[in-house]
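Okay, structure-v7.cif is below, mmCIF, C-alpha atoms:
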```cif
data_start
loop_
_atom_site.label_atom_id
_atom_site.label_comp_id
_atom_site.auth_asym_id
_atom_site.auth_seq_id
_atom_site.Cartn_x
_atom_site.Cartn_y
_atom_site.Cartn_z
CA MET A 1056 -262.95 -104.43 -89.52
CA LYS A 1057 -262.46 -104.48 -93.28
CA THR A 1058 -258.79 -103.48 -92.81
CA ASP A 1059 -258.26 -106.33 -90.32
CA PHE A 1060 -259.79 -108.81 -92.74
CA ALA A 1061 -257.59 -107.53 -95.58
CA ARG A 1062 -254.51 -107.76 -93.33
CA THR A 1063 -255.38 -111.33 -92.34
CA LEU A 1064 -255.86 -112.26 -96.00
CA LYS A 1065 -252.49 -110.69 -96.86
CA ARG A 1066 -250.77 -112.65 -94.07
CA LEU A 1067 -252.43 -115.86 -95.22
CA GLY A 1068 -251.25 -115.13 -98.76
CA ILE A 1069 -247.66 -114.63 -97.59
CA LEU A 1070 -247.83 -117.82 -95.55
CA CYS A 1071 -249.17 -119.79 -98.54
CA ALA A 1072 -246.41 -118.32 -100.76
CA LEU A 1073 -243.76 -119.32 -98.21
CA VAL A 1074 -245.17 -122.84 -97.91
CA LEU A 1075 -245.19 -123.13 -101.71
CA LEU A 1076 -241.61 -121.87 -101.96
CA VAL A 1077 -240.39 -124.27 -99.29
CA SER A 1078 -242.20 -127.19 -100.89
CA CYS A 1079 -240.59 -126.25 -104.24
CA SER A 1080 -237.09 -126.42 -102.79
CA GLY A 1081 -236.69 -129.96 -104.17
CA ALA A 1082 -234.44 -132.86 -103.27
CA PRO A 1083 -231.08 -132.26 -101.58
CA GLY A 1084 -228.10 -131.86 -103.86
CA LEU A 1085 -224.44 -132.76 -103.67
CA VAL A 1086 -221.59 -130.23 -103.55
CA ARG A 1087 -218.58 -131.80 -105.24
CA PRO A 1088 -215.05 -130.96 -104.09
CA ASN A 1089 -213.28 -128.03 -105.78
CA GLU A 1090 -216.25 -127.02 -107.93
CA PRO A 1091 -217.41 -123.39 -107.49
CA VAL A 1092 -220.99 -123.12 -106.22
CA ARG A 1093 -223.26 -120.08 -106.02
CA VAL A 1094 -225.35 -120.07 -102.83
CA GLN A 1095 -228.62 -118.10 -102.67
CA ARG A 1096 -227.27 -115.72 -105.36
CA VAL A 1097 -225.05 -114.06 -102.73
CA PHE A 1098 -222.18 -116.37 -101.76
CA GLU A 1099 -219.67 -117.92 -104.15
CA VAL A 1100 -218.14 -120.95 -102.45
CA GLN A 1101 -215.59 -123.59 -103.36
CA SER A 1102 -215.13 -126.51 -101.02
CA PRO A 1103 -212.25 -128.99 -100.76
CA ILE A 1104 -214.67 -131.60 -99.34
CA GLU A 1105 -218.02 -133.06 -100.38
CA TRP A 1106 -221.28 -131.81 -98.80
CA ALA A 1107 -224.97 -132.66 -98.94
CA ARG A 1108 -226.88 -129.48 -99.79
CA TYR A 1109 -230.42 -128.67 -98.56
CA ARG A 1110 -231.87 -125.53 -100.17
CA GLY A 1111 -234.51 -123.41 -98.47
CA VAL A 1112 -236.02 -119.98 -99.06
CA GLY A 1113 -233.28 -117.47 -98.24
CA ASN A 1114 -231.20 -120.16 -96.54
CA GLU A 1115 -229.19 -123.27 -97.23
CA THR A 1116 -227.85 -125.99 -94.97
CA TRP A 1117 -224.84 -128.10 -95.91
CA THR A 1118 -223.69 -131.18 -94.03
CA VAL A 1119 -221.23 -134.04 -94.53
CA ASP A 1120 -222.50 -136.65 -92.04
CA GLY A 1121 -225.81 -135.21 -90.78
CA THR A 1122 -226.76 -131.85 -89.29
CA ALA A 1123 -226.14 -133.01 -85.70
CA LEU A 1124 -222.53 -133.85 -86.64
CA ASN A 1125 -221.56 -130.93 -88.86
CA ARG A 1126 -223.67 -128.07 -90.12
CA LEU A 1127 -222.82 -125.20 -92.46
CA THR A 1128 -225.68 -122.70 -92.75
CA PHE A 1129 -226.03 -119.79 -95.18
CA LEU A 1130 -228.60 -117.08 -94.46
CA ALA A 1131 -229.09 -114.56 -97.25
CA ASN A 1132 -230.73 -111.16 -97.50
CA ILE A 1133 -232.12 -110.80 -93.96
CA ARG A 1134 -234.08 -107.57 -94.03
CA ASP A 1135 -234.30 -104.79 -91.47
CA LYS A 1136 -236.36 -105.77 -88.38
CA HIS A 1137 -236.45 -109.43 -89.42
CA HIS A 1138 -235.44 -112.37 -87.22
CA ILE A 1139 -232.01 -113.79 -88.02
CA PHE A 1140 -233.47 -117.29 -88.55
CA GLY A 1141 -236.63 -116.06 -90.24
CA TYR A 1142 -238.98 -116.50 -87.26
CA GLY A 1143 -241.04 -113.40 -88.00
CA ARG A 1144 -240.60 -109.68 -87.77
CA GLN A 1145 -239.99 -107.22 -84.95
CA THR A 1146 -243.28 -105.57 -83.97
CA ARG A 1147 -244.66 -103.61 -81.03
CA ARG A 1148 -246.14 -106.84 -79.68
CA ASN A 1149 -242.93 -108.77 -80.33
CA PRO A 1150 -240.13 -106.25 -79.65
CA ASP A 1151 -237.49 -108.56 -78.13
CA GLY A 1152 -235.38 -111.14 -79.91
CA PRO A 1153 -232.53 -111.48 -82.38
CA PHE A 1154 -233.92 -109.07 -84.99
CA PHE A 1155 -231.55 -107.52 -87.50
CA ARG A 1156 -231.44 -103.71 -87.75
CA THR A 1157 -229.63 -102.06 -90.63
CA GLY A 1158 -226.37 -100.43 -89.53
CA MET A 1159 -225.81 -102.59 -86.44
CA GLU A 1160 -222.38 -102.38 -84.76
CA PRO A 1161 -220.02 -105.39 -85.24
CA ASN A 1162 -220.52 -106.64 -81.67
CA GLU A 1163 -224.30 -106.30 -82.09
CA LEU A 1164 -224.16 -108.42 -85.25
CA ARG A 1165 -222.11 -111.03 -83.40
CA ASP A 1166 -224.63 -111.03 -80.51
CA LEU A 1167 -227.47 -111.40 -83.01
CA LEU A 1168 -226.17 -114.84 -84.04
CA VAL A 1169 -225.33 -115.79 -80.45
CA ASP A 1170 -228.87 -114.87 -79.30
CA GLY A 1171 -230.42 -116.65 -82.27
CA LEU A 1172 -228.55 -119.88 -81.48
CA ALA A 1173 -229.51 -119.60 -77.80
CA GLN A 1174 -233.14 -119.13 -78.81
CA ALA A 1175 -232.84 -122.22 -81.05
CA GLY A 1176 -232.11 -124.31 -77.93
CA PHE A 1177 -228.31 -124.28 -77.62
CA ALA A 1178 -226.74 -123.52 -74.24
CA ASN A 1179 -223.59 -121.60 -73.23
CA VAL A 1180 -223.39 -119.96 -76.65
CA GLY A 1181 -220.27 -117.81 -76.86
CA ALA A 1182 -218.36 -115.92 -79.54
CA ARG A 1183 -214.63 -115.07 -79.59
CA ASN A 1184 -212.02 -113.42 -81.82
CA LEU A 1185 -214.25 -110.97 -83.65
CA GLN A 1186 -212.21 -109.87 -86.67
CA PRO A 1187 -213.35 -107.22 -89.15
CA GLY A 1188 -212.14 -107.51 -92.74
CA HIS A 1189 -212.83 -106.34 -96.30
CA ARG A 1190 -213.76 -108.54 -99.22
CA ASP A 1191 -215.33 -107.81 -102.63
CA GLY A 1192 -216.14 -104.26 -101.48
CA PHE A 1193 -217.97 -105.35 -98.30
CA THR A 1194 -216.98 -105.11 -94.64
CA THR A 1195 -217.02 -108.62 -93.18
CA TYR A 1196 -216.94 -109.83 -89.57
CA ARG A 1197 -215.52 -113.24 -88.67
CA PHE A 1198 -215.58 -114.88 -85.26
CA ASP A 1199 -215.35 -118.26 -83.55
CA LEU A 1200 -218.33 -119.96 -81.90
CA ASP A 1201 -218.70 -122.22 -78.85
CA LEU A 1202 -222.01 -123.83 -77.93
CA ARG A 1203 -223.58 -126.83 -76.25
CA ALA A 1204 -226.47 -129.03 -77.37
CA PRO A 1205 -229.19 -129.79 -74.79
CA ASN A 1206 -227.53 -133.19 -74.10
CA GLY A 1207 -224.23 -131.46 -73.19
CA LEU A 1208 -222.37 -132.13 -76.46
CA ILE A 1209 -219.89 -129.30 -77.03
CA TYR A 1210 -219.73 -127.75 -80.50
CA GLN A 1211 -217.17 -125.35 -81.95
CA GLY A 1212 -217.37 -123.39 -85.15
CA HIS A 1213 -216.89 -120.23 -87.17
CA ALA A 1214 -219.14 -117.47 -88.45
CA LEU A 1215 -218.89 -114.80 -91.11
CA MET A 1216 -221.34 -111.91 -91.49
CA PHE A 1217 -221.66 -108.90 -93.77
CA GLU A 1218 -224.21 -106.33 -94.87
CA ARG A 1219 -225.06 -106.10 -98.55
CA ARG A 1220 -227.65 -103.67 -99.90
CA GLU A 1221 -228.78 -102.98 -96.29
CA ARG A 1222 -229.47 -106.69 -95.78
CA LEU A 1223 -227.58 -109.10 -93.59
CA ASN A 1224 -225.86 -112.23 -94.93
CA VAL A 1225 -224.48 -114.90 -92.63
CA ALA A 1226 -222.47 -118.10 -93.04
CA PHE A 1227 -221.77 -120.21 -89.97
CA TRP A 1228 -220.48 -123.72 -89.36
CA PHE A 1229 -220.24 -125.83 -86.25
CA ALA A 1230 -219.36 -129.43 -85.39
CA PRO A 1231 -218.86 -131.42 -82.16
CA THR A 1232 -215.47 -130.77 -80.54
CA GLU A 1233 -215.21 -134.53 -80.21
CA HIS A 1234 -213.73 -135.80 -83.53
CA TYR A 1235 -215.80 -133.89 -86.13
CA HIS A 1236 -214.56 -130.30 -85.56
CA ALA A 1237 -210.89 -131.29 -85.77
CA ARG A 1238 -211.53 -133.44 -88.86
CA ASP A 1239 -213.14 -130.66 -90.97
CA VAL A 1240 -211.86 -127.37 -89.51
CA ALA A 1241 -209.05 -126.89 -92.02
CA ALA A 1242 -211.37 -127.45 -95.00
CA VAL A 1243 -214.01 -125.08 -93.61
CA GLU A 1244 -211.44 -122.37 -92.78
CA GLN A 1245 -210.20 -122.60 -96.37
CA MET A 1246 -213.81 -122.28 -97.62
CA PHE A 1247 -214.40 -119.20 -95.46
CA ALA A 1248 -211.10 -117.66 -96.60
CA ASP A 1249 -211.86 -118.28 -100.31
CA MET A 1250 -215.54 -117.24 -100.16
CA HIS A 1251 -216.65 -114.39 -102.44
CA PHE A 1252 -219.79 -112.28 -102.52
CA ARG A 1253 -221.86 -111.11 -105.42
CA GLN A 1254 -222.01 -107.32 -105.79
CA MET B 1155 -290.76 -151.66 -95.14
CA GLN B 1156 -288.65 -153.48 -97.63
CA ALA B 1157 -286.95 -150.22 -98.44
CA PHE B 1158 -286.27 -149.76 -94.73
CA GLY B 1159 -284.98 -153.37 -94.50
CA THR B 1160 -282.58 -152.84 -97.44
CA HIS B 1161 -281.41 -149.57 -95.94
CA ALA B 1162 -280.91 -151.23 -92.53
CA GLY B 1163 -279.03 -154.13 -94.15
CA SER B 1164 -276.80 -151.72 -96.05
CA LEU B 1165 -276.22 -149.77 -92.84
CA ILE B 1166 -275.29 -152.98 -90.95
CA ARG B 1167 -272.95 -154.08 -93.78
CA HIS B 1168 -271.41 -150.60 -93.83
CA ARG B 1169 -270.96 -150.68 -90.02
CA PHE B 1170 -269.53 -154.20 -90.20
CA ALA B 1171 -267.03 -153.19 -92.89
CA GLY B 1172 -266.03 -150.15 -90.82
CA LEU B 1173 -265.56 -152.28 -87.71
CA LEU B 1174 -263.54 -154.82 -89.70
CA LEU B 1175 -261.32 -152.04 -91.03
CA ALA B 1176 -260.88 -150.68 -87.50
CA LEU B 1177 -259.94 -154.18 -86.25
CA VAL B 1178 -257.44 -154.64 -89.10
CA ALA B 1179 -255.92 -151.24 -88.30
CA LEU B 1180 -255.77 -152.18 -84.60
CA PHE B 1181 -254.08 -155.48 -85.52
CA LEU B 1182 -251.57 -153.72 -87.77
CA SER B 1183 -250.80 -151.10 -85.12
CA ALA B 1184 -250.13 -153.96 -82.68
CA CYS B 1185 -247.33 -155.35 -84.86
CA SER B 1186 -243.72 -155.53 -83.82
CA SER B 1187 -240.82 -154.70 -86.10
CA THR B 1188 -237.05 -154.42 -86.00
CA HIS B 1189 -234.68 -152.66 -88.41
CA VAL B 1190 -231.10 -153.92 -88.39
CA ARG B 1191 -228.21 -152.17 -90.14
CA THR B 1192 -224.52 -153.08 -90.08
CA ASP B 1193 -221.39 -151.45 -91.46
CA ALA B 1194 -219.93 -152.61 -94.80
CA GLU B 1195 -217.21 -154.76 -93.24
CA PHE B 1196 -219.53 -156.43 -90.78
CA ASP B 1197 -220.38 -159.64 -92.65
CA VAL B 1198 -217.09 -160.11 -94.47
CA ALA B 1199 -214.25 -158.98 -92.24
CA ARG B 1200 -215.36 -158.27 -88.70
CA ASP B 1201 -214.66 -161.12 -86.32
CA LEU B 1202 -216.29 -160.59 -82.94
CA GLY B 1203 -215.35 -164.02 -81.58
CA GLY B 1204 -213.65 -163.73 -78.20
CA LYS B 1205 -214.14 -159.96 -78.08
CA SER B 1206 -215.48 -158.28 -74.94
CA VAL B 1207 -218.53 -156.04 -74.77
CA VAL B 1208 -219.74 -153.51 -72.22
CA LEU B 1209 -223.29 -152.22 -71.77
CA VAL B 1210 -223.01 -148.45 -71.33
CA GLU B 1211 -225.56 -146.31 -69.47
CA PRO B 1212 -228.82 -147.85 -70.78
CA SER B 1213 -231.38 -145.05 -71.15
CA ILE B 1214 -234.84 -146.38 -70.22
CA GLN B 1215 -238.01 -144.39 -69.54
CA LEU B 1216 -241.55 -145.66 -69.09
CA PHE B 1217 -244.73 -143.60 -69.45
CA GLU B 1218 -248.48 -144.04 -69.01
CA MET B 1219 -250.59 -142.71 -71.86
CA GLN B 1220 -253.53 -140.78 -70.42
CA ALA B 1221 -256.97 -140.66 -72.06
CA SER B 1222 -256.00 -137.35 -73.71
CA GLY B 1223 -252.86 -138.92 -75.20
CA LEU B 1224 -250.60 -137.12 -72.74
CA MET B 1225 -247.55 -139.17 -71.66
CA GLU B 1226 -247.13 -139.23 -67.90
CA PRO B 1227 -243.65 -140.41 -66.78
CA ARG B 1228 -243.89 -143.30 -64.29
CA ALA B 1229 -240.90 -143.34 -61.96
CA ASP B 1230 -241.87 -146.68 -60.32
CA TRP B 1231 -242.14 -148.52 -63.65
CA THR B 1232 -238.95 -146.86 -64.95
CA ARG B 1233 -237.01 -147.88 -61.82
CA ALA B 1234 -238.14 -151.49 -62.20
CA ALA B 1235 -237.40 -151.57 -65.94
CA ARG B 1236 -233.90 -150.14 -65.35
CA GLU B 1237 -233.17 -153.29 -63.35
CA LYS B 1238 -235.04 -155.83 -65.48
CA LEU B 1239 -233.95 -154.88 -69.01
CA PRO B 1240 -230.15 -154.72 -68.39
CA ALA B 1241 -230.45 -158.02 -66.47
CA ALA B 1242 -232.27 -159.58 -69.44
CA ILE B 1243 -229.68 -158.22 -71.91
CA ASN B 1244 -226.84 -159.57 -69.77
CA ALA B 1245 -228.58 -162.96 -69.53
CA ILE B 1246 -228.87 -163.19 -73.34
CA LEU B 1247 -225.24 -162.14 -73.88
CA ASP B 1248 -224.18 -164.60 -71.19
CA GLN B 1249 -226.10 -167.39 -72.96
CA ARG B 1250 -224.28 -166.55 -76.18
CA LYS B 1251 -220.96 -166.88 -74.32
CA ALA B 1252 -220.04 -163.24 -74.89
CA ASN B 1253 -217.16 -161.85 -72.87
CA LEU B 1254 -219.18 -159.38 -70.76
CA LYS B 1255 -217.66 -156.50 -68.84
CA PRO B 1256 -219.53 -154.95 -65.88
CA GLU B 1257 -222.11 -152.32 -66.88
CA TYR B 1258 -220.43 -148.90 -67.22
CA ARG B 1259 -221.84 -145.64 -65.88
CA VAL B 1260 -219.90 -142.40 -66.06
CA SER B 1261 -218.90 -141.23 -62.58
CA ALA B 1262 -221.12 -138.43 -61.26
CA ASP B 1263 -217.97 -136.53 -60.24
CA LEU B 1264 -216.78 -136.14 -63.84
CA PRO B 1265 -217.40 -132.66 -65.31
CA SER B 1266 -219.65 -132.36 -68.36
CA ASP B 1267 -216.70 -131.64 -70.67
CA ALA B 1268 -214.81 -134.80 -69.60
CA ARG B 1269 -213.97 -137.10 -72.52
CA PRO B 1270 -216.20 -140.07 -71.58
CA ARG B 1271 -219.23 -137.75 -71.19
CA GLN B 1272 -218.52 -136.05 -74.52
CA VAL B 1273 -218.11 -139.41 -76.28
CA LEU B 1274 -221.47 -140.60 -74.93
CA ALA B 1275 -223.13 -137.29 -75.90
CA LEU B 1276 -221.65 -137.69 -79.40
CA ASN B 1277 -222.99 -141.26 -79.43
CA GLU B 1278 -226.52 -139.83 -78.91
CA ALA B 1279 -226.00 -137.41 -81.81
CA VAL B 1280 -224.74 -140.24 -84.04
CA ILE B 1281 -227.72 -142.46 -83.07
CA ASN B 1282 -230.12 -139.60 -83.97
CA THR B 1283 -228.30 -139.15 -87.28
CA ILE B 1284 -228.42 -142.86 -88.20
CA PHE B 1285 -232.08 -142.97 -87.18
CA THR B 1286 -232.86 -139.96 -89.40
CA HIS B 1287 -230.98 -141.09 -92.49
CA SER B 1288 -231.09 -144.91 -92.25
CA TYR B 1289 -234.45 -145.60 -90.56
CA LEU B 1290 -236.54 -142.58 -91.61
CA HIS B 1291 -234.70 -142.46 -94.98
CA VAL B 1292 -234.18 -138.69 -95.04
CA PRO B 1293 -231.85 -138.35 -98.04
CA LEU B 1294 -228.16 -137.66 -97.37
CA PRO B 1295 -226.44 -137.47 -100.78
CA THR B 1296 -222.92 -137.81 -99.28
CA ARG B 1297 -223.91 -141.36 -98.23
CA GLY B 1298 -225.36 -142.43 -101.62
CA ALA B 1299 -228.93 -142.94 -102.79
CA SER B 1300 -229.48 -146.58 -101.77
CA ARG B 1301 -232.17 -147.14 -99.12
CA ARG B 1302 -230.37 -150.15 -97.59
CA LYS B 1303 -226.97 -148.53 -97.33
CA PRO B 1304 -224.44 -149.93 -94.85
CA LEU B 1305 -223.58 -147.90 -91.75
CA SER B 1306 -220.70 -145.46 -92.21
CA TRP B 1307 -220.81 -143.33 -89.09
CA THR B 1308 -218.13 -143.03 -86.43
CA LEU B 1309 -217.55 -141.56 -82.97
CA GLY B 1310 -213.86 -141.12 -83.78
CA PRO B 1311 -210.79 -142.23 -81.84
CA GLY B 1312 -212.03 -140.51 -78.63
CA VAL B 1313 -213.84 -143.78 -77.78
CA SER B 1314 -210.50 -144.97 -76.41
CA ALA B 1315 -211.53 -143.10 -73.22
CA ILE B 1316 -214.36 -145.63 -72.76
CA ARG B 1317 -212.06 -148.54 -73.68
CA GLU B 1318 -209.52 -147.43 -71.05
CA GLU B 1319 -212.27 -147.16 -68.41
CA THR B 1320 -213.93 -150.49 -69.18
CA GLY B 1321 -211.32 -152.66 -70.91
CA ALA B 1322 -213.93 -153.72 -73.47
CA ASP B 1323 -213.58 -154.08 -77.25
CA TYR B 1324 -217.17 -153.08 -78.07
CA MET B 1325 -219.68 -150.73 -76.46
CA LEU B 1326 -223.38 -151.67 -76.50
CA THR B 1327 -225.81 -148.78 -75.98
CA VAL B 1328 -229.54 -149.14 -75.48
CA ILE B 1329 -232.25 -146.47 -75.51
CA VAL B 1330 -235.84 -147.51 -74.75
CA ARG B 1331 -238.98 -145.37 -74.44
CA ASP B 1332 -242.06 -147.38 -73.53
CA SER B 1333 -245.61 -146.19 -72.97
CA TYR B 1334 -248.67 -148.08 -71.70
CA THR B 1335 -252.34 -147.42 -72.36
CA SER B 1336 -254.24 -146.25 -69.27
CA THR B 1337 -257.75 -147.60 -68.57
CA GLY B 1338 -259.25 -144.27 -69.66
CA ARG B 1339 -257.32 -144.34 -72.92
CA ALA B 1340 -258.34 -147.96 -73.58
CA ALA B 1341 -262.03 -147.04 -73.05
CA LEU B 1342 -261.66 -144.10 -75.42
CA MET B 1343 -259.97 -146.34 -78.04
CA ILE B 1344 -262.82 -148.87 -77.91
CA LEU B 1345 -265.43 -146.09 -78.06
CA ALA B 1346 -263.68 -144.42 -81.02
CA ALA B 1347 -263.49 -147.77 -82.88
CA ALA B 1348 -267.14 -148.64 -82.11
CA LEU B 1349 -268.35 -145.23 -83.29
CA GLN B 1350 -266.00 -145.41 -86.30
CA ILE B 1351 -264.42 -142.07 -85.41
CA GLY B 1352 -260.97 -143.49 -85.97
CA VAL B 1353 -258.31 -145.71 -84.48
CA LEU B 1354 -256.59 -143.98 -81.57
CA GLN B 1355 -252.96 -144.80 -80.88
CA GLY B 1356 -252.27 -146.76 -77.72
CA GLY B 1357 -249.05 -147.33 -75.82
CA GLN B 1358 -245.96 -148.11 -77.89
CA GLN B 1359 -242.54 -149.52 -77.16
CA PHE B 1360 -239.68 -147.96 -79.01
CA GLY B 1361 -236.00 -148.84 -78.69
CA VAL B 1362 -232.61 -148.34 -80.32
CA ALA B 1363 -229.49 -150.43 -79.72
CA THR B 1364 -226.03 -149.85 -81.20
CA LEU B 1365 -222.67 -151.57 -81.07
CA VAL B 1366 -219.57 -149.38 -81.35
CA ASP B 1367 -216.03 -150.64 -81.98
CA LEU B 1368 -213.98 -149.11 -79.14
CA ARG B 1369 -210.75 -149.26 -81.16
CA THR B 1370 -211.95 -147.29 -84.20
CA GLY B 1371 -215.13 -145.58 -82.95
CA ASP B 1372 -217.12 -147.01 -85.88
CA VAL B 1373 -220.78 -147.91 -85.35
CA VAL B 1374 -220.85 -151.52 -86.56
CA TRP B 1375 -224.42 -152.59 -85.76
CA PHE B 1376 -227.65 -150.64 -85.27
CA ASN B 1377 -231.16 -151.87 -84.52
CA VAL B 1378 -234.48 -150.05 -84.13
CA LEU B 1379 -237.34 -151.81 -82.32
CA SER B 1380 -240.95 -150.74 -82.59
CA ASP B 1381 -243.52 -152.84 -80.74
CA SER B 1382 -247.09 -152.27 -79.58
CA LEU B 1383 -247.17 -155.33 -77.32
CA GLY B 1384 -243.85 -155.15 -75.46
CA ASP B 1385 -243.98 -154.78 -71.69
CA LEU B 1386 -240.95 -153.93 -69.58
CA ARG B 1387 -242.86 -154.07 -66.32
CA ASP B 1388 -242.43 -157.81 -65.94
CA VAL B 1389 -239.45 -160.16 -66.32
CA GLU B 1390 -240.88 -162.09 -69.31
CA GLY B 1391 -241.63 -158.83 -71.14
CA ALA B 1392 -238.13 -157.52 -70.44
CA GLN B 1393 -236.65 -160.77 -71.80
CA ALA B 1394 -238.76 -160.56 -74.96
CA THR B 1395 -237.77 -156.92 -75.51
CA ALA B 1396 -234.08 -157.68 -74.92
CA SER B 1397 -234.26 -160.53 -77.42
CA LYS B 1398 -235.78 -158.25 -80.10
CA LEU B 1399 -233.36 -155.41 -79.32
CA LEU B 1400 -230.33 -157.71 -79.74
CA LYS B 1401 -231.59 -159.22 -83.03
CA GLY B 1402 -228.71 -159.64 -85.45
CA LEU B 1403 -226.05 -158.85 -82.84
CA PRO B 1404 -223.20 -161.24 -83.63
CA LEU B 1405 -222.39 -162.10 -80.04
#
```
Kindly transcribe the structure held in the file into structure tokens.
Amino acid sequence: MKTDFARTLKRLGILCALVLLVSCSGAPGLVRPNEPVRVQRVFEVQSPIEWARYRGVGNETWTVDGTALNRLTFLANIRDKHHIFGYGRQTRRNPDGPFFRTGMEPNELRDLLVDGLAQAGFANVGARNLQPGHRDGFTTYRFDLDLRAPNGLIYQGHALMFERRERLNVAFWFAPTEHYHARDVAAVEQMFADMHFRQ
Amino acid sequence: MQAFGTHAGSLIRHRFAGLLLALVALFLSACSSTHVRTDAEFDVARDLGGKSVVLVEPSIQLFEMQASGLMEPRADWTRAAREKLPAAINAILDQRKANLKPEYRVSADLPSDARPRQVLALNEAVINTIFTHSYLHVPLPTRGASRRKPLSWTLGPGVSAIREETGADYMLTVIVRDSYTSTGRAALMILAAALQIGVLQGGQQFGVATLVDLRTGDVVWFNVLSDSLGDLRDVEGAQATASKLLKGLPL
């Protein structure tokens, strides 16, 4: 009984800390073109275009016109047995879902993001052209994304994943195939190609 | 006795003040408002005289708010409103001597990845984005810090698919969600106000209308309507709603 109470208190404490951290994330910033930016102390990014930047705890979202029209998401330091989008931890009661496990195979990592996006409400989520690579001493995996919003709008995008210190780091971008993907794809591909990672 | 009388008087005054506050809140919640935004060129350079406009797939849904606050979709009301509101919009545009094209609906045979369907799906995403950043004022630093910033969103050149189908210069889209207070909900609202528990929300009419330039894809006019008294179930109500929805439309 006492252990349960202590556990509940601990969980409440973590929840309060998370709420505090999120509320401290502040106003959105602006990413200026061709200025190097450090994201979540993991990614080093330089963009040829301007972005609005929304910082969270362990994640950042960048957008040019609004997140429904183009969305670049960075997820940093996802720990073993944790949900890719931070929706809790893998437990006996909650064994199924897109939970990261250290040492996952490349296709499992790819499916992790695909399953996470499907769980977030997107339909027909697919991944193509999985390409392993090496950068800054890490093994990276890049692939293309296809997905549909609930209203049928088709999105296309790119993703890049790598493990660092037994934790997963992800960057993915998608935009509607209609107009927005074609407009920004070259700039985003250049960003992904020039991206560096902190050791 | 006197002490009791003073206490009773204070209680009555307190109750009266509470009731007055509840009535003021009820009055305020019954207000109607519109929020019009246009693109930067709208007032200075855009000439809509002699241009044609097409109403595209108006999205209208009516609900009944149950005592619990649950929204029950009403197919009969929705069916009636889907006839009355477009008719009222057409009547207003006709009065203003606009060059109206027949209402456009995407053919049911077209696959979901067909261009016109994708353009209309993108239009929904753009409407949500404008609503978020222009009406709800969620900051978007790439669009500046001003609260009354002009519209600068586009659907891109793919809108030519709609222009080719309809022959129109501008596309008018309308989304309306309307809910009506049920008798049970009304009784609960009165009871809650009388007992000073709080002011419960009743039915609410909510609508968005946009005008898109079918040559450039730019959203040139955007209006949000919020009204507690609108009623799409009768012709007069549909006319009033159409008039508020088209406020500031230069046609």
Given the PyMOL selection byres ((chain B) within 10 of (chain A)), the residues it picks as a ChimeraX atom specification
/B:1266-1267,1269,1271-1284,1286-1287,1292-1298,1306-1313,1371
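Taken over the shown file, the PyMOL selection byres ((chain B and resi 1240) around 9) identifies Leu1209, Pro1212, Ala1235, Arg1236, Glu1237, Lys1238, Leu1239, Ala1241, Ala1242, Ile1243, Asn1244, Ala1245, Glu1257, Ala1392 and Ala1396 of chain B.
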As lines of an AutoDock Vina configuration file, please: the centre and edge lengths in Å, to one decimal, of an axis-aligned box enclosing every listed atom of stretch 1196-1209 of chain A with 3 Å added on each side.
```
center_x = -222.3
center_y = -121.5
center_z = -81.4
size_x = 19.8
size_y = 29.4
size_z = 22.4
```
When you look at A:His1251 with a cut-off of 7 Å (counting all atoms listed in the file), what residues show up, excluding the ones that are within fewer than 3 positions of it in the same chain? I need them as a list in words.
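In the requested format, the answer is Phe1098, Glu1099, Val1100 and Asp1191 of chain A.
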What's the separation between atom CA of A:Gly1143 and atom CA of A:Phe1193, in Å to one decimal place?
26.5 Å
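Once the PyMOL selection byres ((chain A and resi 1217) around 9) is applied to the shown structure, the selection contains Leu1164, Phe1193, Thr1194, Thr1195, Tyr1196, Leu1215, Met1216, Glu1218, Arg1219, Arg1222, Leu1223, Asn1224 and Val1225 of chain A.
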Using only C-alpha atoms, find all polymer residues with an atom at most 9 Å away from the point (-231.4, -145.7, -67.9); report them as JSON, numbers by chain.
{"B": [1211, 1212, 1213, 1214, 1215, 1232, 1233, 1235, 1236, 1328, 1329, 1330]}
For stretch 1146-1160 of chain A: contacts at 6 Å, all atoms listed in the file, fewer than 4 positions along chain excluded, given as a list in words:
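In the requested format, the answer is Asp1135, Lys1136, His1137, His1138, Ile1139, Leu1167, Asp1170, Gly1171 and Glu1221 of chain A.
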Limited to C-alpha atoms, could you put the picked residues into a file as a PDB file, in the frame of the given file?
```
ATOM      1  CA  ASP A1135    -234.300-104.790 -91.470  1.00  0.00           C
ATOM      2  CA  LYS A1136    -236.360-105.770 -88.380  1.00  0.00           C
ATOM      3  CA  HIS A1137    -236.450-109.430 -89.420  1.00  0.00           C
ATOM      4  CA  HIS A1138    -235.440-112.370 -87.220  1.00  0.00           C
ATOM      5  CA  ILE A1139    -232.010-113.790 -88.020  1.00  0.00           C
ATOM      6  CA  LEU A1167    -227.470-111.400 -83.010  1.00  0.00           C
ATOM      7  CA  ASP A1170    -228.870-114.870 -79.300  1.00  0.00           C
ATOM      8  CA  GLY A1171    -230.420-116.650 -82.270  1.00  0.00           C
ATOM      9  CA  GLU A1221    -228.780-102.980 -96.290  1.00  0.00           C
TER      10      GLU A1221
END
```
May I ask which of the residues A:Ala1248, A:Ala1242, A:Glu1163, A:Gln1254 is the closest one to A:Asn1089, counting only C-alpha atoms?
A:Ala1242
Between atom CA of A:Arg1203 and atom CA of A:Phe1177, distance in Å (one decimal)
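Those two atoms sit 5.5 Å apart.
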Protein/DNA/RNA residues near (-212.3, -153.5, -67.7), cut 10 Å, all atoms listed in the file, as an MDAnalysis selection string:
chainID B and resid 1206:1208 1254:1258 1316:1323
